[in-house]
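Okay, protein-v6.txt now, which holds compact mmCIF, C-alpha atoms:
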# COMPACT_ATOMS: atom_id res chain seq x y z
CA MET A 1 71.08 -88.36 124.51
CA LEU A 2 73.78 -90.50 122.96
CA SER A 3 72.07 -93.72 123.92
CA CYS A 4 68.86 -92.42 122.43
CA ILE A 5 70.56 -91.75 119.09
CA SER A 6 72.17 -95.15 119.03
CA ARG A 7 68.83 -96.79 119.66
CA VAL A 8 67.23 -94.92 116.80
CA HIS A 9 70.06 -95.93 114.57
CA ARG A 10 69.66 -99.57 115.55
CA SER A 11 65.98 -99.47 114.79
CA THR A 12 66.65 -98.08 111.33
CA ARG A 13 69.15 -100.83 110.69
CA LEU A 14 66.67 -103.48 111.75
CA ASN A 15 64.02 -102.13 109.45
CA SER A 16 66.33 -101.52 106.56
CA LEU A 17 65.41 -104.85 105.02
CA THR A 18 61.72 -104.07 104.85
CA ILE A 19 62.45 -100.62 103.50
CA LEU A 20 64.70 -102.12 100.87
CA ARG A 21 61.90 -104.32 99.66
CA ASN A 22 59.43 -101.47 99.64
CA LEU A 23 61.89 -99.57 97.47
CA SER A 24 60.89 -96.10 96.41
CA LYS A 25 57.92 -95.91 98.65
CA ASN A 26 56.58 -92.45 99.22
CA SER A 27 56.15 -91.11 102.70
CA PRO A 28 52.67 -90.32 104.03
CA LEU A 29 53.80 -86.71 104.50
CA GLN A 30 54.36 -86.18 100.82
CA PHE A 31 51.12 -87.94 100.14
CA GLU A 32 49.10 -85.48 102.20
CA ASN A 33 50.74 -82.56 100.47
CA ALA A 34 49.74 -83.85 97.11
CA GLU A 35 46.17 -84.36 98.28
CA ASN A 36 45.70 -80.81 99.62
CA GLY A 37 45.65 -79.02 96.31
CA GLU A 38 48.63 -77.66 94.35
CA LYS A 39 48.24 -80.79 92.27
CA LYS A 40 47.62 -78.94 89.04
CA LEU A 41 50.49 -76.51 89.50
CA SER A 42 53.38 -78.91 89.23
CA ILE A 43 52.86 -82.03 87.19
CA PRO A 44 55.80 -83.99 88.61
CA GLN A 45 54.15 -83.86 92.07
CA GLU A 46 51.40 -86.06 90.71
CA ASN A 47 53.80 -88.17 88.72
CA ARG A 48 55.56 -89.61 91.72
CA PHE A 49 52.40 -91.53 92.57
CA MET A 50 51.16 -92.20 89.06
CA TYR A 51 54.48 -93.33 87.64
CA GLN A 52 55.99 -94.55 90.90
CA GLU A 53 58.07 -97.26 89.23
CA PHE A 54 60.11 -94.70 87.27
CA LEU A 55 61.82 -93.66 90.50
CA PRO A 56 64.90 -95.79 91.28
CA ASP A 57 65.64 -97.76 94.40
CA PRO A 58 66.77 -95.25 97.06
CA GLU A 59 69.29 -97.73 98.49
CA LEU A 60 72.69 -96.34 97.52
CA LYS A 61 74.39 -99.66 96.84
CA PHE A 62 71.78 -100.50 94.22
CA ARG A 63 72.08 -97.18 92.37
CA ASN A 64 73.55 -97.16 88.88
CA GLN A 65 72.76 -94.14 86.75
CA VAL A 66 73.35 -95.87 83.42
CA ARG A 67 71.24 -98.91 84.24
CA GLU A 68 68.42 -96.70 85.51
CA LYS A 69 68.45 -94.66 82.35
CA LEU A 70 68.41 -97.75 80.12
CA GLU A 71 65.59 -99.25 82.16
CA ARG A 72 63.55 -96.08 81.81
CA SER A 73 63.94 -96.08 78.05
CA ASP A 74 62.90 -99.75 77.96
CA MET A 75 59.85 -98.95 80.06
CA ILE A 76 58.82 -96.19 77.68
CA LYS A 77 59.24 -98.58 74.77
CA ARG A 78 56.97 -101.10 76.42
CA ARG A 79 54.43 -98.41 77.25
CA SER A 80 54.29 -97.40 73.60
CA VAL A 81 53.15 -100.94 72.75
CA ILE A 82 50.42 -101.45 75.35
CA ASP A 83 48.48 -99.03 77.49
CA ILE A 84 49.60 -99.51 81.10
CA PRO A 85 47.16 -97.51 83.25
CA SER A 86 48.22 -96.01 86.55
CA PHE A 87 46.65 -97.68 89.58
CA PHE A 88 47.21 -97.99 93.30
CA VAL A 89 47.17 -100.61 96.02
CA GLY A 90 43.46 -101.28 96.57
CA SER A 91 42.43 -100.78 92.93
CA ILE A 92 40.64 -103.63 91.18
CA LEU A 93 42.27 -104.77 87.93
CA SER A 94 41.78 -107.31 85.22
CA VAL A 95 44.88 -108.68 83.53
CA THR A 96 44.87 -110.69 80.32
CA SER A 97 48.08 -112.53 79.62
CA ALA A 98 49.45 -115.18 77.31
CA ASP A 99 49.18 -118.67 78.76
CA LYS A 100 50.66 -121.51 76.75
CA HIS A 101 48.83 -124.10 78.84
CA ASP A 102 45.34 -122.84 78.03
CA PRO A 103 43.55 -124.04 74.88
CA ASN A 104 42.72 -120.40 74.02
CA LYS A 105 46.34 -119.38 74.79
CA THR A 106 45.17 -116.51 76.99
CA ARG A 107 44.20 -116.20 80.62
CA LYS A 108 42.21 -113.46 82.30
CA PHE A 109 42.45 -112.80 86.01
CA VAL A 110 40.53 -110.22 88.01
CA GLY A 111 41.47 -109.17 91.51
CA ILE A 112 42.34 -106.46 93.98
CA CYS A 113 45.91 -105.17 93.91
CA ILE A 114 47.31 -106.00 97.35
CA GLN A 115 50.96 -105.14 96.82
CA LYS A 116 53.16 -103.10 94.45
CA ARG A 117 56.87 -103.51 94.79
CA TYR A 118 60.32 -103.25 93.19
CA CYS A 119 61.18 -100.34 90.94
CA GLY A 120 62.19 -99.84 87.39
CA LEU A 121 61.67 -102.57 84.87
CA ARG A 122 61.17 -105.19 87.60
CA HIS A 123 58.08 -103.49 89.03
CA GLU A 124 55.63 -106.14 90.21
CA PHE A 125 52.06 -106.14 91.45
CA VAL A 126 50.06 -108.87 93.16
CA LEU A 127 46.37 -109.49 92.48
CA ARG A 128 44.12 -111.36 94.89
CA ASN A 129 40.68 -112.83 94.43
CA VAL A 130 38.53 -115.50 96.03
CA VAL A 131 37.18 -118.04 93.51
CA ASP A 132 34.93 -120.86 94.76
CA ASN A 133 35.85 -120.01 98.38
CA LEU A 134 39.56 -120.41 97.67
CA GLY A 135 41.81 -117.38 97.94
CA ILE A 136 44.12 -117.05 94.94
CA GLU A 137 46.99 -114.64 94.42
CA ILE A 138 48.91 -114.07 91.20
CA ALA A 139 51.92 -111.77 90.90
CA TYR A 140 52.55 -110.01 87.59
CA ASP A 141 55.61 -108.18 86.32
CA MET A 142 54.27 -104.89 85.04
CA TYR A 143 56.57 -104.76 82.02
CA ASP A 144 56.20 -108.43 81.16
CA PRO A 145 55.84 -108.78 77.34
CA THR A 146 53.43 -111.71 77.75
CA ILE A 147 50.79 -109.41 79.25
CA HIS A 148 48.20 -108.50 76.62
CA ASN A 149 46.03 -106.08 78.51
CA ILE A 150 45.74 -104.38 81.89
CA THR A 151 42.40 -102.76 82.69
CA VAL A 152 41.50 -100.85 85.82
CA LEU A 153 37.96 -101.86 86.80
CA ARG A 154 37.77 -99.66 89.88
CA LEU A 155 40.34 -96.97 90.62
CA GLU A 156 40.70 -96.30 94.32
CA LYS A 157 43.19 -96.12 97.15
CA ARG A 158 43.15 -97.72 100.58
CA LEU A 159 44.47 -96.54 103.92
CA ASP A 160 47.57 -98.77 103.83
CA ASP A 161 50.62 -99.22 101.61
CA ASP A 162 49.91 -102.92 101.19
CA LEU A 163 46.86 -105.08 101.84
CA LEU A 164 48.56 -108.37 102.67
CA TYR A 165 46.24 -108.74 105.66
CA LEU A 166 43.42 -109.58 103.25
CA ARG A 167 44.83 -113.12 103.39
CA ASP A 168 43.45 -113.38 106.91
CA ALA A 169 40.38 -111.23 106.40
CA LEU A 170 36.89 -112.55 105.76
CA PRO A 171 36.57 -113.70 102.12
CA GLN A 172 33.94 -111.06 101.28
CA TYR A 173 36.63 -108.34 101.25
CA SER A 174 38.58 -109.95 98.41
CA THR A 175 35.81 -111.51 96.32
CA PHE A 176 35.27 -109.93 92.90
CA PRO A 177 33.30 -111.35 89.96
CA PHE A 178 35.27 -112.06 86.79
CA ASP A 179 32.66 -110.30 84.64
CA MET A 180 32.90 -107.03 86.58
CA GLU A 181 32.13 -103.87 84.60
CA PRO A 182 34.74 -101.10 84.68
CA GLU A 183 33.75 -97.98 86.62
CA TYR A 184 34.91 -94.70 85.15
CA LEU A 185 35.92 -91.57 87.03
CA LEU A 186 35.41 -88.08 85.66
CA ASP A 187 38.41 -86.46 83.97
CA GLY A 188 40.62 -84.74 86.53
CA ALA A 189 38.67 -86.04 89.49
CA PRO A 190 40.82 -87.01 92.49
CA VAL A 191 41.33 -90.72 93.14
CA PRO A 192 38.82 -91.73 95.85
CA ILE A 193 40.21 -93.19 99.06
CA ASN A 194 38.27 -96.18 100.36
CA ASP A 195 38.47 -96.02 104.17
CA ILE A 196 36.88 -99.43 104.72
CA LYS A 197 37.94 -101.24 107.91
CA VAL A 198 38.45 -104.93 107.27
CA LYS A 199 37.35 -107.60 109.78
CA LEU A 200 39.90 -110.35 110.31
CA LYS A 201 39.28 -114.04 110.92
CA PRO A 202 40.27 -115.36 114.34
CA ARG A 203 43.91 -116.41 114.71
CA PRO A 204 46.13 -118.25 113.63
CA TRP A 205 47.16 -115.79 110.94
CA VAL A 206 49.88 -115.96 108.30
CA GLY A 207 51.46 -112.69 109.50
CA ARG A 208 51.84 -110.54 112.63
CA TRP A 209 49.38 -107.94 111.40
CA GLU A 210 48.98 -106.32 114.84
CA ARG A 211 52.62 -105.21 114.83
CA LYS A 212 52.61 -103.43 111.48
CA GLY A 213 50.24 -100.64 112.50
CA TYR A 214 47.77 -101.10 109.64
CA LYS A 215 44.99 -98.54 109.59
CA GLY A 216 42.57 -100.63 107.51
CA ILE A 217 42.01 -103.39 110.11
CA ASP A 218 38.96 -103.22 112.34
CA ASP A 219 40.07 -103.59 116.00
CA VAL A 220 43.10 -105.90 115.92
CA ASP A 221 43.28 -106.00 119.71
CA GLN A 222 40.16 -108.16 120.06
CA HIS A 223 41.98 -111.06 118.39
CA ILE A 224 45.32 -111.01 120.21
CA THR A 225 46.41 -112.16 123.66
CA GLU A 226 47.67 -109.97 126.50
CA LYS A 227 51.23 -111.13 125.83
CA MET A 228 50.97 -110.14 122.18
CA LYS A 229 49.62 -106.74 123.21
CA GLY A 230 52.72 -106.27 125.36
CA GLN A 231 55.01 -107.29 122.52
CA LYS A 232 53.20 -104.94 120.18
CA LYS A 233 53.73 -102.06 122.56
CA LYS A 234 57.40 -102.89 123.02
CA LEU A 235 58.05 -103.02 119.29
CA GLU A 236 56.26 -99.77 118.51
CA GLU A 237 58.48 -97.02 117.15
CA PRO A 238 56.51 -93.81 117.57
CA TRP A 239 59.63 -91.71 117.00
CA GLU A 240 60.00 -93.07 113.49
CA LYS A 241 57.97 -90.28 111.89
CA TYR A 242 60.37 -87.69 113.29
CA ASP A 243 63.43 -89.50 111.95
CA LEU A 244 64.46 -87.21 109.11
CA MET A 245 67.52 -89.23 108.16
CA LYS A 246 65.46 -92.39 107.75
CA GLU A 247 62.99 -90.46 105.66
CA TYR A 248 65.84 -89.18 103.52
CA ARG A 249 67.31 -92.64 103.03
CA ARG A 250 64.10 -94.29 101.92
CA THR A 251 63.00 -91.65 99.42
CA ILE A 252 64.39 -90.07 96.30
CA PRO A 253 65.07 -86.31 96.76
CA GLU A 254 62.71 -83.97 94.97
CA GLU A 255 65.45 -82.47 92.77
CA GLU A 256 66.38 -85.92 91.53
CA GLN A 257 62.74 -86.79 90.91
CA GLU A 258 62.34 -83.67 88.80
CA GLU A 259 65.39 -84.64 86.79
CA ILE A 260 64.00 -88.11 86.13
CA PHE A 261 60.54 -86.95 85.21
CA SER A 262 61.77 -84.16 82.99
CA GLU A 263 63.54 -86.89 81.04
CA VAL A 264 60.49 -89.11 80.58
CA PHE A 265 57.49 -86.88 81.14
CA SER A 266 57.04 -85.51 77.61
CA GLU A 267 56.94 -89.01 76.17
CA LEU A 268 54.69 -90.32 78.93
CA HIS A 269 52.31 -87.40 78.43
CA GLN A 270 52.10 -87.98 74.68
CA LEU A 271 51.51 -91.69 75.23
CA SER A 272 48.68 -91.03 77.69
CA LEU A 273 47.10 -88.54 75.26
CA SER A 274 47.22 -90.96 72.34
CA ASN A 275 45.80 -93.74 74.52
CA LYS A 276 42.93 -91.48 75.54
CA LYS A 277 42.17 -90.73 71.90
CA LEU A 278 42.19 -94.42 71.08
CA LYS A 279 39.85 -95.14 73.98
CA LYS A 280 37.42 -92.45 72.85
CA SER A 281 37.33 -93.77 69.32
CA ARG A 282 36.72 -97.29 70.64
CA VAL A 283 33.83 -96.40 72.98
CA TYR A 284 31.03 -98.88 72.51
CA VAL A 285 27.47 -97.75 73.09
CA LYS A 286 25.14 -100.52 74.07
CA PRO A 287 22.14 -100.56 71.74
CA LYS A 288 18.85 -99.94 73.53
CA LYS A 289 15.97 -102.30 73.20
CA THR A 290 13.04 -100.86 71.30
CA GLY A 291 9.46 -101.94 71.13
CA MET B 1 72.27 -122.36 119.57
CA LEU B 2 74.62 -120.77 122.07
CA ILE B 3 73.11 -117.36 121.47
CA THR B 4 69.58 -118.61 122.04
CA LYS B 5 70.67 -120.28 125.29
CA ASN B 6 72.22 -117.03 126.46
CA VAL B 7 69.11 -115.15 125.50
CA LYS B 8 66.94 -117.58 127.43
CA SER B 9 69.04 -117.24 130.56
CA LEU B 10 69.02 -113.47 130.17
CA LEU B 11 65.25 -113.47 129.79
CA SER B 12 64.73 -115.57 132.92
CA ARG B 13 66.80 -113.15 134.97
CA THR B 14 65.64 -109.80 133.65
CA PRO B 15 62.35 -109.44 131.80
CA SER B 16 63.31 -105.89 130.87
CA ALA B 17 66.04 -107.32 128.62
CA LEU B 18 63.40 -108.33 126.11
CA LYS B 19 64.02 -105.27 123.96
CA LEU B 20 67.73 -106.04 123.88
CA CYS B 21 67.10 -109.67 122.98
CA SER B 22 64.85 -108.76 120.09
CA ASP B 23 67.87 -107.00 118.59
CA LEU B 24 70.05 -110.10 118.95
CA TYR B 25 67.92 -112.44 116.90
CA HIS B 26 64.84 -112.27 114.76
CA THR B 27 62.23 -114.74 113.60
CA THR B 28 61.62 -115.16 109.90
CA PRO B 29 58.15 -115.78 108.52
CA CYS B 30 57.12 -119.33 107.69
CA LEU B 31 57.98 -120.60 104.19
CA HIS B 32 54.87 -122.81 103.89
CA HIS B 33 56.84 -125.58 102.19
CA ILE B 34 55.09 -128.89 101.57
CA LYS B 35 57.39 -131.45 103.16
CA LEU B 36 57.13 -134.54 105.33
CA LEU B 37 54.14 -134.51 107.73
CA THR B 38 52.57 -131.39 106.22
CA ARG B 39 48.79 -131.43 106.44
CA LEU B 40 47.05 -131.05 103.07
CA ARG B 41 43.48 -130.29 102.12
CA VAL B 42 41.60 -132.78 99.94
CA VAL B 43 39.62 -130.80 97.38
CA ASP B 44 37.87 -133.54 95.41
CA ASN B 45 34.65 -135.28 96.46
CA CYS B 46 36.01 -138.77 97.16
CA GLU B 47 34.46 -140.54 100.17
CA ILE B 48 37.65 -141.03 102.18
CA GLY B 49 38.80 -137.45 101.61
CA ARG B 50 35.48 -135.97 102.60
CA GLN B 51 35.32 -138.03 105.79
CA ALA B 52 38.89 -137.13 106.75
CA MET B 53 38.26 -133.41 106.24
CA ALA B 54 34.95 -133.57 108.12
CA GLU B 55 36.60 -135.32 111.07
CA GLY B 56 39.18 -132.54 111.24
CA LYS B 57 42.03 -134.94 110.49
CA PRO B 58 43.35 -133.87 107.09
CA PRO B 59 45.91 -136.17 105.41
CA ARG B 60 49.60 -135.93 106.17
CA VAL B 61 52.38 -136.16 103.60
CA ILE B 62 54.57 -139.24 104.13
CA ALA B 63 56.53 -139.17 100.85
CA ILE B 64 57.12 -136.69 98.06
CA TYR B 65 58.16 -138.13 94.73
CA ASN B 66 60.60 -135.50 93.48
CA GLN B 67 64.28 -134.64 93.80
CA THR B 68 64.03 -131.77 96.26
CA HIS B 69 61.51 -133.36 98.67
CA ILE B 70 59.60 -130.08 98.74
CA GLY B 71 56.28 -130.42 97.00
CA THR B 72 55.07 -127.98 94.35
CA ILE B 73 52.21 -127.87 91.85
CA GLY B 74 51.87 -131.15 89.94
CA ASP B 75 54.03 -133.28 92.26
CA LYS B 76 52.92 -136.74 93.32
CA VAL B 77 52.76 -137.35 97.06
CA LEU B 78 51.96 -140.28 99.32
CA VAL B 79 49.60 -139.30 102.12
CA ALA B 80 48.41 -140.95 105.29
CA ILE B 81 44.64 -140.56 105.44
CA LYS B 82 42.34 -142.28 107.92
CA GLY B 83 44.93 -144.97 108.62
CA GLU B 84 45.44 -145.72 104.94
CA LYS B 85 48.15 -144.87 102.44
CA LYS B 86 46.90 -143.02 99.35
CA LYS B 87 48.64 -141.25 96.50
CA GLY B 88 47.74 -137.74 95.46
CA ILE B 89 48.63 -134.86 93.15
CA ILE B 90 49.29 -131.41 94.59
CA VAL B 91 46.99 -128.89 92.86
CA GLY B 92 47.59 -125.73 94.85
CA VAL B 93 50.34 -124.46 97.12
CA LYS B 94 50.58 -121.83 99.81
CA LYS B 95 54.27 -120.98 99.40
CA HIS B 96 55.56 -117.97 97.50
CA GLN B 97 55.42 -118.41 93.72
CA LYS B 98 57.09 -116.79 90.75
CA PRO B 99 55.13 -114.29 88.63
CA HIS B 100 52.18 -115.74 86.64
CA ILE B 101 51.94 -118.84 88.86
CA PRO B 102 48.93 -118.81 91.18
CA LYS B 103 49.40 -119.12 94.91
CA THR B 104 46.46 -120.36 96.96
CA ASP B 105 45.46 -119.91 100.60
CA THR B 106 45.61 -123.67 101.30
CA ASN B 107 47.79 -126.60 100.19
CA ASN B 108 45.39 -128.62 98.04
CA VAL B 109 45.62 -132.25 96.96
CA VAL B 110 43.55 -134.54 94.75
CA LEU B 111 43.67 -138.24 95.62
CA ILE B 112 44.43 -140.76 92.85
CA ASP B 113 45.04 -144.48 92.68
CA ASP B 114 48.10 -146.28 91.27
CA SER B 115 46.91 -146.03 87.66
CA GLY B 116 46.39 -142.27 87.98
CA THR B 117 42.58 -142.39 88.10
CA PRO B 118 41.14 -139.87 90.60
CA LEU B 119 39.14 -141.35 93.49
CA GLY B 120 36.53 -138.59 93.29
CA THR B 121 34.37 -137.32 90.44
CA ARG B 122 34.65 -133.56 90.86
CA ILE B 123 37.20 -130.95 92.03
CA HIS B 124 35.43 -128.12 93.79
CA VAL B 125 38.15 -125.45 93.62
CA PRO B 126 40.00 -123.83 90.71
CA ILE B 127 43.28 -125.53 89.77
CA PRO B 128 46.28 -123.96 88.01
CA SER B 129 46.18 -124.26 84.23
CA MET B 130 49.88 -125.14 84.18
CA LEU B 131 48.82 -128.57 85.47
CA ARG B 132 47.67 -129.36 81.94
CA THR B 133 51.23 -129.31 80.66
CA ILE B 134 52.86 -130.72 83.78
CA LEU B 135 50.58 -133.75 84.03
CA LYS B 136 50.83 -134.44 80.30
CA GLU B 137 54.61 -134.49 80.57
CA LYS B 138 54.51 -136.81 83.58
CA THR B 139 52.28 -139.29 81.81
CA LEU B 140 54.37 -141.94 80.05
CA SER B 141 52.98 -144.47 77.61
CA LYS B 142 51.98 -147.69 79.40
CA GLY B 143 52.46 -145.92 82.77
CA ALA B 144 49.94 -144.13 84.97
CA ASP B 145 47.71 -141.64 83.15
CA TYR B 146 47.56 -138.50 85.29
CA THR B 147 45.62 -136.42 82.77
CA LYS B 148 42.35 -137.99 83.95
CA LEU B 149 42.55 -135.51 86.83
CA LEU B 150 42.11 -132.62 84.39
CA ALA B 151 38.80 -134.05 83.18
CA ILE B 152 37.15 -133.76 86.60
CA ALA B 153 38.26 -130.14 87.22
CA THR B 154 35.61 -127.42 87.19
CA THR B 155 37.67 -124.24 86.74
CA PHE B 156 41.22 -123.45 85.74
CA ILE B 157 43.01 -120.32 86.86
Rewrite the coordinates I just gave you, this time as structure tokens.
Amino acid sequence: MLSCISRVHRSTRLNSLTILRNLSKNSPLQFENAENGEKKLSIPQENRFMYQEFLPDPELKFRNQVREKLERSDMIKRRSVIDIPSFFVGSILSVTSADKHDPNKTRKFVGICIQKRYCGLRHEFVLRNVVDNLGIEIAYDMYDPTIHNITVLRLEKRLDDDLLYLRDALPQYSTFPFDMEPEYLLDGAPVPINDIKVKLKPRPWVGRWERKGYKGIDDVDQHITEKMKGQKKKLEEPWEKYDLMKEYRRTIPEEEQEEIFSEVFSELHQLSLSNKKLKKSRVYVKPKKTG
Amino acid sequence: MLITKNVKSLLSRTPSALKLCSDLYHTTPCLHHIKLLTRLRVVDNCEIGRQAMAEGKPPRVIAIYNQTHIGTIGDKVLVAIKGEKKKGIIVGVKKHQKPHIPKTDTNNVVLIDDSGTPLGTRIHVPIPSMLRTILKEKTLSKGADYTKLLAIATTFI
């Protein structure tokens, strides 16, 4: 029994680095709860996915109440200047930003969001696209003042928390035209989950995707050797989902989340309402051809 | 070094110690730095570059002209290609980049001659728009003119 506990503890310590980087990532358990109704009852339940970056880093040595509060107020200030939509890993975005090197002084990039990381003011997302058969990734700081506009072209979720394996997937899965039209969802409709299974290129890969337990990869085992299969099995940690302490350490408790969102929610709500009004007034109807 | 030796001896004796060994050391992912003997991909349509890529023998870096000796976007490199020495400009890197700077899936190079004129007439892939500023700064009066490379680019990103 004792040895079992020590082993669990060791595994948590090993993984602590990855958890640290993932910061306030939400557990799949919480995720399912939010999906199965009760979404309308309590608004903060929804907020922890929509405004994920408002939650601080769960790592205790990085916590600082004053800094967190100042960062939140700065984030609200930035949000009152531009409309930052909520999106998820797997959504397709277009970002227009200032670029001093360009003759027009702006640059537009369209791509699929493959990673969202860091919390607070440093929140960062990575866009990926394939242009002229060359995969390109650009990371953006979400609260960067040089960003002019962030538009969600297609709002959807994927099966995984990050899509870094798209680097080794066939190019068709990360190719998006730059003149893509935005697709709108109905008001209050749930965010669709795209359960596409991605086909990978043959090895060598840039990462050990088979070890991470991604759900969005189509049959990893056909690419890897027998030895790698053995390693994969050895490194599996099926007990991880029962590890309550680990769960506790990598998430922010619900009471604390409520406290944070009660502080910022009224302002966020007003901002989203005013942005909606602005959008409605700006709706452009394409003139129909006559004759 | 000592630890790895111990681990190796342990492994040879007991294969079941693999789990224990994986706790002793870990492997970090590759940094994808461009340094000596890194293979690059020629992305312009010059004859020598096309032949080398078609043969499956992409050029190797044999010198990087900067202080750190790790190549980044806009750096001049000397490459060994098909038994010849050619100079080139790095126009895309695989390694991790700061926000706003594009990161590509391959390490790309465009071959130039000593006066800065590209050997090819077209670049088939998008190149970072920051090259405009970098190459302009590197061009000195009466020296090599690197900005000719920008004229043969098709898309900037």
- request: Find the residues of chain A in contact range of chain B, meaning any atom within 7 Å when counting all atoms listed in the file, and list them as a PyMOL selection string.
  value: chain A and resi 101-102+132+134-141
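The space between atom CA of Ser141 of chain B and atom CA of Asp44 of chain B spans 25.8 Å.
Closest approach to Pro85 of chain A from the set A:Asn149, A:Gln172, A:Gln257, A:Gln231 is made by A:Asn149, with distances taken over all atoms listed in the file.
Note that atom CA of Val198 of chain A and atom CA of Thr175 of chain A are 13.0 Å apart.
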message: Using all atoms listed in the file, which protein or nucleic acid residues come within 6 Å of segment 214-216 of chain A? Drop anything in the same chain fewer than 2 positions from it, and give the result as a PyMOL selection string.
response: chain A and resi 159+197-198+212
Grab all the atoms of segment 116-128 of chain B that the file lists, wrap them in a box along x, y and z, add 5 Å per side, and give me centre plus edge lengths in Å (one decimal) as AutoDock Vina command-line options.
--center_x 40.4 --center_y -133.1 --center_z 90.9 --size_x 22.0 --size_y 28.6 --size_z 15.8
field: Separation of atom CA of Ile114 of chain A from atom CA of Pro58 of chain B in Å
entry: 29.8 Å
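Nearest to Thr68 of chain B of all the residues B:Ile48, B:Val42, B:Ile90, B:Leu36 is B:Leu36, based on only C-alpha atoms.
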field: Spatial neighbours of Gly83 of chain B, max dist 12 Å, only C-alpha atoms, sep filter under 4 positions, as a PyMOL selection string
entry: chain B and resi 48-49+52+57-60+79
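In this comparison, which uses only C-alpha atoms, the residue of B:Gly116, B:Ile64, B:Arg41, B:Met53 approaching Leu140 of chain B most closely is B:Gly116.
All protein, DNA and RNA residues at most 12 Å from (46.7, -92.2, 75.9) are A:Arg79, A:Ser80, A:Val81, A:Ile82, A:Asp83, A:Ile84, A:Pro85, A:Ser86, A:Glu267, A:Leu268, A:His269, A:Gln270, A:Leu271, A:Ser272, A:Leu273, A:Ser274, A:Asn275, A:Lys276, A:Lys277, A:Leu278, A:Lys279, A:Lys280, A:Ser281, using only C-alpha atoms.
Residues in contact with Lys142 of chain B at 12 Å, where only C-alpha atoms are counted and same-chain residues fewer than 4 positions away are skipped, are listed as Ser115, Gly116, Lys138 and Tyr146 of chain B.
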- request: Give the answer as one residue: which of A:Leu70, A:Leu166, A:Val131, A:Leu185 has the shortest atom-to-atom distance to Lys199 of chain A, using only C-alpha atoms?
  value: A:Leu166
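Among the candidates A:Phe62, A:Tyr248, A:Phe49, A:Phe176, the one nearest to Cys113 of chain A when counting all atoms listed in the file is A:Phe176.
Closest approach to Glu84 of chain B among B:Ile123, B:Val61, B:Leu135, B:Ile70: B:Val61, based on all atoms listed in the file.
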